[in-house]
file start-v5.tsv (TSV, C-alpha atoms)
chain	number	residue	atom	x	y	z
Q	1	MET	CA	-10.88	-266.03	15.63
Q	2	ALA	CA	-11.32	-262.48	16.90
Q	3	THR	CA	-8.71	-259.99	15.71
Q	4	GLY	CA	-5.95	-259.26	18.23
Q	5	PHE	CA	-6.41	-262.41	20.32
Q	6	ASP	CA	-3.60	-264.87	20.94
Q	7	PRO	CA	-4.07	-268.28	19.21
Q	8	SER	CA	-3.51	-269.88	22.60
Q	9	GLY	CA	-6.71	-268.30	23.84
Q	10	ARG	CA	-5.05	-265.84	26.20
Q	11	LEU	CA	-6.54	-262.39	26.54
Q	12	PRO	CA	-4.49	-259.46	25.21
Q	13	GLY	CA	-2.36	-257.57	27.70
Q	14	ALA	CA	-4.82	-254.69	27.91
Q	15	PHE	CA	-7.27	-257.04	29.66
Q	16	THR	CA	-4.80	-258.20	32.30
Q	17	ASP	CA	-2.78	-255.03	32.98
Q	18	LEU	CA	-3.47	-252.86	36.00
Q	19	GLY	CA	-6.98	-251.53	35.49
Q	20	THR	CA	-8.08	-247.96	34.86
Q	21	SER	CA	-11.24	-246.37	36.17
Q	22	SER	CA	-11.99	-245.06	32.66
Q	23	PHE	CA	-13.64	-247.60	30.37
Q	24	THR	CA	-13.15	-245.25	27.42
Q	25	GLN	CA	-9.40	-245.17	28.08
Q	26	PHE	CA	-9.34	-248.97	28.28
Q	27	LEU	CA	-11.28	-249.22	25.01
Q	28	SER	CA	-8.86	-246.85	23.28
Q	29	VAL	CA	-6.12	-249.41	23.97
Q	30	ALA	CA	-8.00	-252.69	23.65
Q	31	ALA	CA	-10.30	-251.89	20.70
Q	32	PRO	CA	-10.00	-248.27	19.49
Q	33	ASP	CA	-12.10	-249.02	16.40
Q	34	LEU	CA	-15.14	-249.39	18.67
Q	35	LEU	CA	-15.04	-245.78	19.86
Q	36	PRO	CA	-17.74	-243.54	18.36
Q	37	GLY	CA	-15.17	-241.12	16.94
Q	38	ARG	CA	-13.63	-243.82	14.72
Q	39	ARG	CA	-16.38	-243.57	12.12
Q	40	PRO	CA	-14.96	-241.91	8.99
Q	41	LEU	CA	-17.52	-240.60	6.50
Q	42	PRO	CA	-17.15	-241.96	2.95
Q	43	PRO	CA	-15.88	-239.27	0.52
Q	44	GLY	CA	-18.52	-237.30	-1.34
Q	45	LEU	CA	-21.35	-237.99	1.09
Q	46	SER	CA	-23.15	-235.63	3.42
Q	47	ALA	CA	-23.94	-236.87	6.91
Q	48	GLY	CA	-27.54	-235.81	6.33
Q	49	ASP	CA	-27.69	-238.29	3.46
Q	50	VAL	CA	-26.53	-241.32	5.43
Q	51	ALA	CA	-27.61	-240.85	9.04
Q	52	PRO	CA	-30.78	-239.70	10.79
Q	53	HIS	CA	-30.54	-236.63	13.01
Q	54	GLY	CA	-32.39	-236.11	16.25
Q	55	THR	CA	-33.67	-232.96	17.98
Q	56	THR	CA	-34.85	-231.30	20.39
Q	57	ILE	CA	-33.88	-231.73	24.09
Q	58	VAL	CA	-34.80	-229.43	27.00
Q	59	ALA	CA	-33.64	-229.45	30.63
Q	60	ILE	CA	-35.20	-227.54	33.53
Q	61	SER	CA	-34.12	-227.47	37.16
Q	62	PHE	CA	-36.77	-227.44	39.89
Q	63	ALA	CA	-36.95	-227.52	43.67
Q	64	GLY	CA	-35.51	-230.95	44.40
Q	65	GLY	CA	-34.03	-231.99	41.07
Q	66	VAL	CA	-34.07	-231.61	37.32
Q	67	VAL	CA	-36.24	-232.70	34.39
Q	68	LEU	CA	-34.95	-233.69	30.95
Q	69	ALA	CA	-37.33	-234.09	28.01
Q	70	GLY	CA	-36.97	-234.78	24.32
Q	71	ASP	CA	-39.20	-234.98	21.28
Q	72	ARG	CA	-39.43	-238.25	19.32
Q	73	ARG	CA	-38.64	-237.23	15.73
Q	74	ALA	CA	-35.49	-238.05	13.74
Q	75	THR	CA	-34.95	-236.58	10.27
Q	76	MET	CA	-32.74	-237.44	7.31
Q	77	GLY	CA	-32.50	-234.43	5.05
Q	78	ASN	CA	-36.07	-233.29	4.43
Q	79	MET	CA	-37.51	-236.70	5.28
Q	80	ILE	CA	-38.81	-238.02	8.61
Q	81	ALA	CA	-36.56	-240.99	9.41
Q	82	SER	CA	-38.31	-241.97	12.64
Q	83	ARG	CA	-41.35	-240.76	14.54
Q	84	ASP	CA	-40.66	-242.50	17.83
Q	85	ILE	CA	-36.90	-242.40	18.51
Q	86	GLU	CA	-35.97	-242.04	22.19
Q	87	LYS	CA	-33.26	-239.44	22.82
Q	88	VAL	CA	-33.42	-239.12	26.62
Q	89	HIS	CA	-31.97	-241.84	28.85
Q	90	PRO	CA	-30.65	-242.35	32.38
Q	91	ALA	CA	-26.85	-242.05	32.55
Q	92	ASP	CA	-26.74	-243.65	35.99
Q	93	ALA	CA	-28.86	-243.73	39.14
Q	94	PHE	CA	-28.89	-239.93	39.59
Q	95	SER	CA	-28.20	-238.40	36.19
Q	96	LEU	CA	-29.72	-238.11	32.73
Q	97	ILE	CA	-28.43	-237.61	29.19
Q	98	GLY	CA	-30.20	-236.42	26.05
Q	99	ILE	CA	-28.66	-236.37	22.59
Q	100	ALA	CA	-29.13	-234.20	19.52
Q	101	GLY	CA	-27.32	-234.51	16.21
Q	102	THR	CA	-26.36	-237.70	14.38
Q	103	ALA	CA	-28.65	-240.24	16.01
Q	104	GLY	CA	-26.51	-243.38	15.59
Q	105	VAL	CA	-23.35	-241.76	16.96
Q	106	GLY	CA	-25.34	-240.12	19.75
Q	107	ILE	CA	-26.92	-243.39	20.90
Q	108	GLU	CA	-23.52	-245.09	20.77
Q	109	LEU	CA	-21.95	-242.26	22.77
Q	110	MET	CA	-24.75	-242.40	25.32
Q	111	ARG	CA	-24.35	-246.14	25.82
Q	112	LEU	CA	-20.58	-245.81	26.15
Q	113	PHE	CA	-21.08	-243.06	28.74
Q	114	GLN	CA	-23.40	-245.33	30.75
Q	115	VAL	CA	-20.72	-248.05	30.76
Q	116	GLU	CA	-18.06	-245.44	31.62
Q	117	LEU	CA	-19.92	-244.41	34.77
Q	118	GLU	CA	-20.71	-248.01	35.77
Q	119	HIS	CA	-17.10	-249.06	35.18
Q	120	TYR	CA	-15.76	-246.21	37.33
Q	121	GLU	CA	-18.09	-247.11	40.19
Q	122	LYS	CA	-17.06	-250.78	40.06
Q	123	ILE	CA	-13.32	-250.00	39.97
Q	124	GLU	CA	-13.26	-247.17	42.51
Q	125	GLY	CA	-16.13	-248.30	44.73
Q	126	VAL	CA	-17.74	-244.85	44.70
Q	127	MET	CA	-19.90	-242.86	42.30
Q	128	LEU	CA	-18.38	-240.00	40.34
Q	129	SER	CA	-19.48	-236.50	41.35
Q	130	VAL	CA	-21.82	-234.64	39.00
Q	131	ASP	CA	-18.89	-232.46	37.90
Q	132	GLY	CA	-16.77	-235.57	37.33
Q	133	LYS	CA	-19.48	-237.14	35.17
Q	134	ALA	CA	-19.79	-233.97	33.08
Q	135	ASN	CA	-16.02	-233.83	32.59
Q	136	ARG	CA	-15.89	-237.48	31.51
Q	137	LEU	CA	-18.64	-236.80	28.96
Q	138	ALA	CA	-16.79	-233.72	27.68
Q	139	ALA	CA	-13.68	-235.84	27.10
Q	140	MET	CA	-15.70	-238.40	25.14
Q	141	ILE	CA	-17.19	-235.68	22.93
Q	142	ARG	CA	-13.69	-234.33	22.29
Q	143	GLN	CA	-12.67	-237.76	20.98
Q	144	ASN	CA	-15.47	-237.52	18.39
Q	145	LEU	CA	-14.21	-234.20	16.99
Q	146	GLY	CA	-12.78	-235.77	13.81
Q	147	ALA	CA	-16.10	-237.39	12.93
Q	148	ALA	CA	-17.96	-234.21	13.90
Q	149	LEU	CA	-15.92	-232.18	11.42
Q	150	GLN	CA	-16.99	-234.66	8.74
Q	151	GLY	CA	-20.64	-234.04	9.57
Q	152	LEU	CA	-21.25	-236.76	12.16
Q	153	ALA	CA	-21.63	-234.35	15.07
Q	154	VAL	CA	-23.51	-235.16	18.24
Q	155	ILE	CA	-24.18	-232.75	21.11
Q	156	PRO	CA	-25.54	-234.10	24.40
Q	157	LEU	CA	-27.33	-232.33	27.22
Q	158	PHE	CA	-26.43	-233.68	30.65
Q	159	ALA	CA	-28.42	-233.14	33.84
Q	160	GLY	CA	-28.27	-234.68	37.27
Q	161	TYR	CA	-29.15	-234.56	40.93
Q	162	ASP	CA	-26.12	-233.39	42.95
Q	163	GLN	CA	-26.02	-235.41	46.16
Q	164	ALA	CA	-23.14	-233.29	47.45
Q	165	ALA	CA	-24.75	-229.89	46.85
Q	166	ALA	CA	-24.49	-227.60	49.88
Q	167	ASP	CA	-27.34	-225.42	48.65
Q	168	PRO	CA	-30.69	-227.27	48.38
Q	169	ALA	CA	-31.66	-224.86	45.60
Q	170	ARG	CA	-28.77	-226.15	43.45
Q	171	VAL	CA	-29.33	-229.89	43.60
Q	172	GLY	CA	-30.59	-229.98	40.01
Q	173	ARG	CA	-27.67	-229.22	37.69
Q	174	ILE	CA	-27.51	-228.87	33.90
Q	175	PHE	CA	-24.46	-229.04	31.60
Q	176	SER	CA	-24.18	-228.27	27.89
Q	177	PHE	CA	-21.31	-228.97	25.48
Q	178	ASP	CA	-19.93	-227.96	22.10
Q	179	ILE	CA	-18.52	-230.28	19.42
Q	180	ALA	CA	-14.94	-229.68	20.66
Q	181	GLY	CA	-15.81	-230.93	24.14
Q	182	GLY	CA	-16.30	-227.51	25.70
Q	183	LEU	CA	-18.24	-227.83	28.96
Q	184	TYR	CA	-20.67	-225.21	30.24
Q	185	GLU	CA	-22.89	-225.29	33.31
Q	186	GLU	CA	-26.30	-223.74	32.69
Q	187	THR	CA	-28.55	-221.98	35.19
Q	188	GLY	CA	-32.22	-222.83	35.42
Q	189	TYR	CA	-32.81	-224.32	32.00
Q	190	ASP	CA	-31.28	-225.08	28.62
Q	191	ALA	CA	-32.10	-226.71	25.28
Q	192	ILE	CA	-30.16	-228.22	22.38
Q	193	GLY	CA	-30.99	-229.19	18.82
Q	194	SER	CA	-32.45	-227.33	15.86
Q	195	GLY	CA	-35.56	-226.41	17.83
Q	196	SER	CA	-33.61	-225.14	20.84
Q	197	ILE	CA	-33.90	-221.47	19.96
Q	198	PHE	CA	-37.70	-221.70	20.08
Q	199	ALA	CA	-37.73	-223.90	23.18
Q	200	LYS	CA	-35.44	-221.52	25.08
Q	201	SER	CA	-37.48	-218.52	23.98
Q	202	ALA	CA	-40.57	-220.19	25.45
Q	203	LEU	CA	-38.78	-221.02	28.71
Q	204	LYS	CA	-37.28	-217.55	29.02
Q	205	LYS	CA	-40.72	-216.05	29.67
Q	206	ARG	CA	-42.12	-218.82	31.84
Q	207	TYR	CA	-39.31	-220.21	33.98
Q	208	ARG	CA	-38.69	-219.02	37.51
Q	209	PRO	CA	-36.36	-220.46	40.19
Q	210	GLY	CA	-37.90	-222.84	42.71
Q	211	ILE	CA	-40.72	-224.19	40.56
Q	212	SER	CA	-42.17	-227.60	41.43
Q	213	ALA	CA	-41.50	-230.83	39.57
Q	214	GLU	CA	-45.02	-230.73	38.12
Q	215	GLU	CA	-44.53	-227.17	36.84
Q	216	ALA	CA	-41.14	-228.03	35.34
Q	217	THR	CA	-42.60	-231.04	33.57
Q	218	ARG	CA	-45.43	-228.98	32.10
Q	219	LEU	CA	-42.93	-226.28	30.98
Q	220	ALA	CA	-40.74	-228.91	29.30
Q	221	VAL	CA	-43.65	-230.31	27.29
Q	222	GLU	CA	-44.79	-226.78	26.36
Q	223	ALA	CA	-41.28	-225.82	25.26
Q	224	LEU	CA	-41.10	-228.88	22.99
Q	225	TYR	CA	-44.53	-227.98	21.59
Q	226	ASP	CA	-43.31	-224.46	20.78
Q	227	ALA	CA	-40.15	-225.87	19.18
Q	228	ALA	CA	-42.22	-228.21	16.99
Q	229	ASP	CA	-44.48	-225.30	16.03
Q	230	ASP	CA	-41.58	-223.53	14.28
Q	231	ASP	CA	-38.98	-226.24	13.58
Q	232	THR	CA	-39.80	-228.97	11.08
Q	233	ALA	CA	-37.16	-231.30	12.55
Q	234	THR	CA	-38.88	-231.34	15.94
Q	235	GLY	CA	-41.91	-233.54	16.42
Q	236	GLY	CA	-44.86	-232.31	18.47
Q	237	PRO	CA	-47.30	-234.51	20.42
Q	238	ASP	CA	-48.88	-236.99	17.98
Q	239	LEU	CA	-52.40	-237.52	19.30
Q	240	ILE	CA	-53.34	-239.87	16.45
Q	241	ARG	CA	-50.39	-242.27	16.82
Q	242	ARG	CA	-50.18	-241.66	20.59
Q	243	ILE	CA	-46.52	-240.64	20.40
Q	244	PHE	CA	-45.45	-238.21	23.12
Q	245	PRO	CA	-42.15	-236.75	24.39
Q	246	VAL	CA	-39.87	-238.77	26.64
Q	247	VAL	CA	-39.78	-237.00	30.02
Q	248	MET	CA	-37.45	-238.03	32.86
Q	249	THR	CA	-36.57	-236.58	36.25
Q	250	ALA	CA	-33.55	-236.93	38.54
Q	251	THR	CA	-34.17	-236.37	42.26
Q	252	ALA	CA	-32.93	-237.66	45.63
Q	253	GLU	CA	-34.93	-240.84	44.90
Q	254	GLY	CA	-33.02	-241.41	41.67
Q	255	THR	CA	-34.03	-241.17	38.02
Q	256	ASN	CA	-37.60	-241.71	36.92
Q	257	ARG	CA	-39.27	-241.85	33.54
Q	258	LEU	CA	-42.81	-240.50	33.45
Q	259	SER	CA	-45.26	-243.07	32.16
Q	260	GLU	CA	-46.93	-242.68	28.78
Q	261	ALA	CA	-50.23	-242.00	30.56
Q	262	GLU	CA	-48.67	-239.18	32.60
Q	263	VAL	CA	-47.00	-237.53	29.60
Q	264	SER	CA	-50.03	-237.93	27.37
Q	265	ALA	CA	-52.22	-236.23	29.99
Q	266	ILE	CA	-49.83	-233.28	30.16
Q	267	ALA	CA	-49.48	-233.09	26.36
Q	268	GLU	CA	-53.24	-233.19	25.82
Q	269	THR	CA	-53.69	-230.41	28.38
Q	270	VAL	CA	-51.13	-228.31	26.49
Q	271	VAL	CA	-52.82	-228.99	23.14
Q	272	ASP	CA	-56.25	-228.14	24.57
Q	273	ALA	CA	-54.91	-224.84	25.92
Q	274	ARG	CA	-53.41	-223.99	22.53
Q	275	ARG	CA	-56.76	-224.52	20.84
Q	276	GLU	CA	-57.98	-221.56	22.84
Q	277	ASN	CA	-54.79	-219.55	22.23
Q	278	PRO	CA	-52.77	-220.98	19.29
Q	279	GLY	CA	-49.98	-218.44	19.73
Q	280	GLY	CA	-49.23	-219.61	23.26
call {"tool": "encode", "arguments": {"input": "start-v5.tsv", "output": "structure tokens"}}
result
Amino acid sequence: MATGFDPSGRLPGAFTDLGTSSFTQFLSVAAPDLLPGRRPLPPGLSAGDVAPHGTTIVAISFAGGVVLAGDRRATMGNMIASRDIEKVHPADAFSLIGIAGTAGVGIELMRLFQVELEHYEKIEGVMLSVDGKANRLAAMIRQNLGAALQGLAVIPLFAGYDQAAADPARVGRIFSFDIAGGLYEETGYDAIGSGSIFAKSALKKRYRPGISAEEATRLAVEALYDAADDDTATGGPDLIRRIFPVVMTATAEGTNRLSEAEVSAIAETVVDARRENPGG
């Protein structure tokens, strides 16, 4: 019989009490051991020894929305743990989340965040605002602080289409976080992960406000290429295995994942251009 359940078969009180719009808050009462932050690291072990880490994620706002893209590599120490991990996902119908750091905790956090947003919408009957979604995610990261201090840190990058934006130029919004749950809104573009310094350096010279979705997508793939060029933990386009970045957009039509054919065409164009000018 499941732990915490009455022998009579009745559900625990947490399931029948007046509901809360926060699924994370409900879980902290009903089954706190299922929260991502309740994952103590065994003594004497480094997180790099026991869990794959994922990098790099970039976000770019464009006229009409935002693009979020991530490479496919996960590393464990100096080894490649996975060549085709997916670190960018839809959070709900109009927002996206990408994760860098401890891959297992990040994927768990991302899935919990998806349920959090769906639960709120079902209970309240309305969708959270973009700011509300970012604040909920910040609170969830804060709950993982204990595990982060033991080496199981995860940092997400959140981006979404703001349906309530008064300024059409600000419909694509980007939010970054720190391990303590600090929340920061970024302007234009941002990147996280070990390759972020190289990705942001690439974007700093190329980005301009009001670019098209096609331009933003090309810039995202180029930024990941530049990150992979200097950061061993970031995987570049793999033309042999046909492994390319995950690229998603959030617009007034909702979230959309570019097909493998679309991304491969962009990546191959970038690679061809670099053959002529390897330094970018």
call {"tool": "residues_near_point", "arguments": {"input": "start-v5.tsv", "point": "(-31.8, -234.0, 10.9)", "cutoff": "6 Å", "atoms": "only C-alpha atoms", "output": "ChimeraX atom specification"}}
result
/Q:52-54,75-77
call {"tool": "residues_around", "arguments": {"input": "start-v5.tsv", "residues": "Ile60 in chain Q", "least_positions_apart": "5", "cutoff": "7 Å", "atoms": "only C-alpha atoms", "output": "NGL selection string"}}
result
:Q and (66-68 or 188-190 or 216)
call {"tool": "atom_distance", "arguments": {"input": "start-v5.tsv", "atom1": "CA of Val154 in chain Q", "atom2": "CA of Asn256 in chain Q"}}
result
24.3 Å
call {"tool": "atom_distance", "arguments": {"input": "start-v5.tsv", "atom1": "CA of Thr217 in chain Q", "atom2": "CA of Gly195 in chain Q"}}
result
17.9 Å
call {"tool": "atom_distance", "arguments": {"input": "start-v5.tsv", "atom1": "CA of Ser196 in chain Q", "atom2": "CA of Asp167 in chain Q"}}
result
28.5 Å
call {"tool": "closest_residue", "arguments": {"input": "start-v5.tsv", "among": "Q:Ile240, Q:Val130, Q:Val115, Q:Ile141", "to": "Ile99 in chain Q", "atoms": "only C-alpha atoms"}}
result
Q:Ile141
call {"tool": "residues_around", "arguments": {"input": "start-v5.tsv", "residues": "Val270 in chain Q", "least_positions_apart": "3", "cutoff": "10 Å", "atoms": "all atoms listed in the file", "output": "VMD selection string"}}
result
chain Q and resid 218 to 219 221 to 222 225 237 264 to 267 273 to 275 280
call {"tool": "closest_residue", "arguments": {"input": "start-v5.tsv", "among": "Q:Ala103, Q:Ile97, Q:Gly210, Q:Leu112", "to": "Phe177 in chain Q", "atoms": "all atoms listed in the file"}}
result
Q:Ile97
call {"tool": "residues_around", "arguments": {"input": "start-v5.tsv", "residues": "Phe158 in chain Q", "least_positions_apart": "2", "cutoff": "12 Å", "atoms": "all atoms listed in the file", "output": "number ranges by chain"}}
result
Q: 57-61, 66-69, 87-92, 94-100, 110, 113, 130-138, 155-156, 160-161, 172-177, 183-186, 189-192, 249-250
call {"tool": "residues_near_point", "arguments": {"input": "start-v5.tsv", "point": "(-39.0, -222.7, 23.9)", "cutoff": "6 Å", "atoms": "only C-alpha atoms", "output": "list in words"}}
result
Phe198, Ala199, Lys200, Ser201, Ala202, Leu203, Ala223, Asp226 and Ala227 of chain Q
call {"tool": "closest_residue", "arguments": {"input": "start-v5.tsv", "among": "Q:Met79, Q:Ala159, Q:Thr102, Q:Gly181", "to": "Gln143 in chain Q", "atoms": "only C-alpha atoms"}}
result
Q:Gly181
call {"tool": "decode", "arguments": {"input": "start-v5.tsv", "residues": "range 146-168 of chain Q", "atoms": "N, CA, C and O atoms", "output": "mmCIF file, in the first residue's frame"}}
result
data_model
loop_
_atom_site.group_PDB
_atom_site.id
_atom_site.type_symbol
_atom_site.label_atom_id
_atom_site.label_comp_id
_atom_site.auth_asym_id
_atom_site.auth_seq_id
_atom_site.Cartn_x
_atom_site.Cartn_y
_atom_site.Cartn_z
ATOM 1 N N GLY Q 146 18.864 24.105 -1.566
ATOM 2 C CA GLY Q 146 19.645 23.148 -0.781
ATOM 3 C C GLY Q 146 20.394 22.173 -1.662
ATOM 4 O O GLY Q 146 21.585 21.925 -1.467
ATOM 5 N N ALA Q 147 19.705 21.618 -2.657
ATOM 6 C CA ALA Q 147 20.354 20.684 -3.582
ATOM 7 C C ALA Q 147 21.389 21.399 -4.434
ATOM 8 O O ALA Q 147 22.449 20.845 -4.745
ATOM 9 N N ALA Q 148 21.095 22.659 -4.813
ATOM 10 C CA ALA Q 148 22.038 23.420 -5.635
ATOM 11 C C ALA Q 148 23.352 23.643 -4.900
ATOM 12 O O ALA Q 148 24.433 23.571 -5.493
ATOM 13 N N LEU Q 149 23.266 23.894 -3.599
ATOM 14 C CA LEU Q 149 24.479 24.114 -2.813
ATOM 15 C C LEU Q 149 25.292 22.830 -2.631
ATOM 16 O O LEU Q 149 26.459 22.877 -2.267
ATOM 17 N N GLN Q 150 24.658 21.690 -2.908
ATOM 18 C CA GLN Q 150 25.374 20.410 -2.880
ATOM 19 C C GLN Q 150 25.914 20.032 -4.257
ATOM 20 O O GLN Q 150 26.519 18.979 -4.421
ATOM 21 N N GLY Q 151 25.684 20.890 -5.238
ATOM 22 C CA GLY Q 151 26.202 20.633 -6.577
ATOM 23 C C GLY Q 151 25.160 20.261 -7.601
ATOM 24 O O GLY Q 151 25.481 20.101 -8.780
ATOM 25 N N LEU Q 152 23.902 20.101 -7.178
ATOM 26 C CA LEU Q 152 22.832 19.730 -8.108
ATOM 27 C C LEU Q 152 22.054 20.971 -8.539
ATOM 28 O O LEU Q 152 20.839 21.060 -8.390
ATOM 29 N N ALA Q 153 22.777 21.944 -9.072
ATOM 30 C CA ALA Q 153 22.160 23.203 -9.480
ATOM 31 C C ALA Q 153 21.555 23.090 -10.872
ATOM 32 O O ALA Q 153 22.062 22.373 -11.730
ATOM 33 N N VAL Q 154 20.460 23.800 -11.060
ATOM 34 C CA VAL Q 154 19.852 23.914 -12.379
ATOM 35 C C VAL Q 154 19.392 25.354 -12.548
ATOM 36 O O VAL Q 154 18.814 25.943 -11.648
ATOM 37 N N ILE Q 155 19.701 25.935 -13.705
ATOM 38 C CA ILE Q 155 19.304 27.304 -14.008
ATOM 39 C C ILE Q 155 18.486 27.282 -15.302
ATOM 40 O O ILE Q 155 18.996 26.884 -16.347
ATOM 41 N N PRO Q 156 17.231 27.708 -15.249
ATOM 42 C CA PRO Q 156 16.435 27.746 -16.476
ATOM 43 C C PRO Q 156 16.509 29.106 -17.156
ATOM 44 O O PRO Q 156 16.936 30.108 -16.565
ATOM 45 N N LEU Q 157 16.102 29.139 -18.399
ATOM 46 C CA LEU Q 157 15.879 30.371 -19.143
ATOM 47 C C LEU Q 157 14.431 30.304 -19.611
ATOM 48 O O LEU Q 157 14.018 29.313 -20.229
ATOM 49 N N PHE Q 158 13.661 31.332 -19.277
ATOM 50 C CA PHE Q 158 12.228 31.337 -19.556
ATOM 51 C C PHE Q 158 11.909 32.446 -20.545
ATOM 52 O O PHE Q 158 12.407 33.569 -20.417
ATOM 53 N N ALA Q 159 11.107 32.131 -21.541
ATOM 54 C CA ALA Q 159 10.729 33.126 -22.545
ATOM 55 C C ALA Q 159 9.284 32.883 -22.952
ATOM 56 O O ALA Q 159 8.805 31.743 -22.961
ATOM 57 N N GLY Q 160 8.598 33.965 -23.280
ATOM 58 C CA GLY Q 160 7.203 33.790 -23.662
ATOM 59 C C GLY Q 160 6.654 34.944 -24.464
ATOM 60 O O GLY Q 160 7.249 36.029 -24.534
ATOM 61 N N TYR Q 161 5.515 34.693 -25.072
ATOM 62 C CA TYR Q 161 4.771 35.720 -25.792
ATOM 63 C C TYR Q 161 3.792 36.348 -24.818
ATOM 64 O O TYR Q 161 2.969 35.655 -24.212
ATOM 65 N N ASP Q 162 3.870 37.673 -24.642
ATOM 66 C CA ASP Q 162 3.031 38.389 -23.682
ATOM 67 C C ASP Q 162 1.766 38.873 -24.379
ATOM 68 O O ASP Q 162 1.791 39.859 -25.117
ATOM 69 N N GLN Q 163 0.664 38.186 -24.134
ATOM 70 C CA GLN Q 163 -0.603 38.537 -24.768
ATOM 71 C C GLN Q 163 -1.147 39.867 -24.273
ATOM 72 O O GLN Q 163 -1.978 40.491 -24.938
ATOM 73 N N ALA Q 164 -0.678 40.307 -23.098
ATOM 74 C CA ALA Q 164 -1.191 41.547 -22.514
ATOM 75 C C ALA Q 164 -0.272 42.737 -22.758
ATOM 76 O O ALA Q 164 -0.518 43.825 -22.236
ATOM 77 N N ALA Q 165 0.761 42.575 -23.542
ATOM 78 C CA ALA Q 165 1.729 43.652 -23.766
ATOM 79 C C ALA Q 165 1.072 44.823 -24.498
ATOM 80 O O ALA Q 165 0.416 44.629 -25.529
ATOM 81 N N ALA Q 166 1.266 46.035 -23.943
ATOM 82 C CA ALA Q 166 0.712 47.228 -24.582
ATOM 83 C C ALA Q 166 1.548 47.659 -25.775
ATOM 84 O O ALA Q 166 1.033 48.231 -26.739
ATOM 85 N N ASP Q 167 2.834 47.374 -25.714
ATOM 86 C CA ASP Q 167 3.759 47.747 -26.777
ATOM 87 C C ASP Q 167 4.036 46.529 -27.655
ATOM 88 O O ASP Q 167 4.591 45.533 -27.185
ATOM 89 N N PRO Q 168 3.654 46.570 -28.934
ATOM 90 C CA PRO Q 168 3.882 45.417 -29.826
ATOM 91 C C PRO Q 168 5.357 45.016 -29.913
ATOM 92 O O PRO Q 168 5.661 43.860 -30.222
#
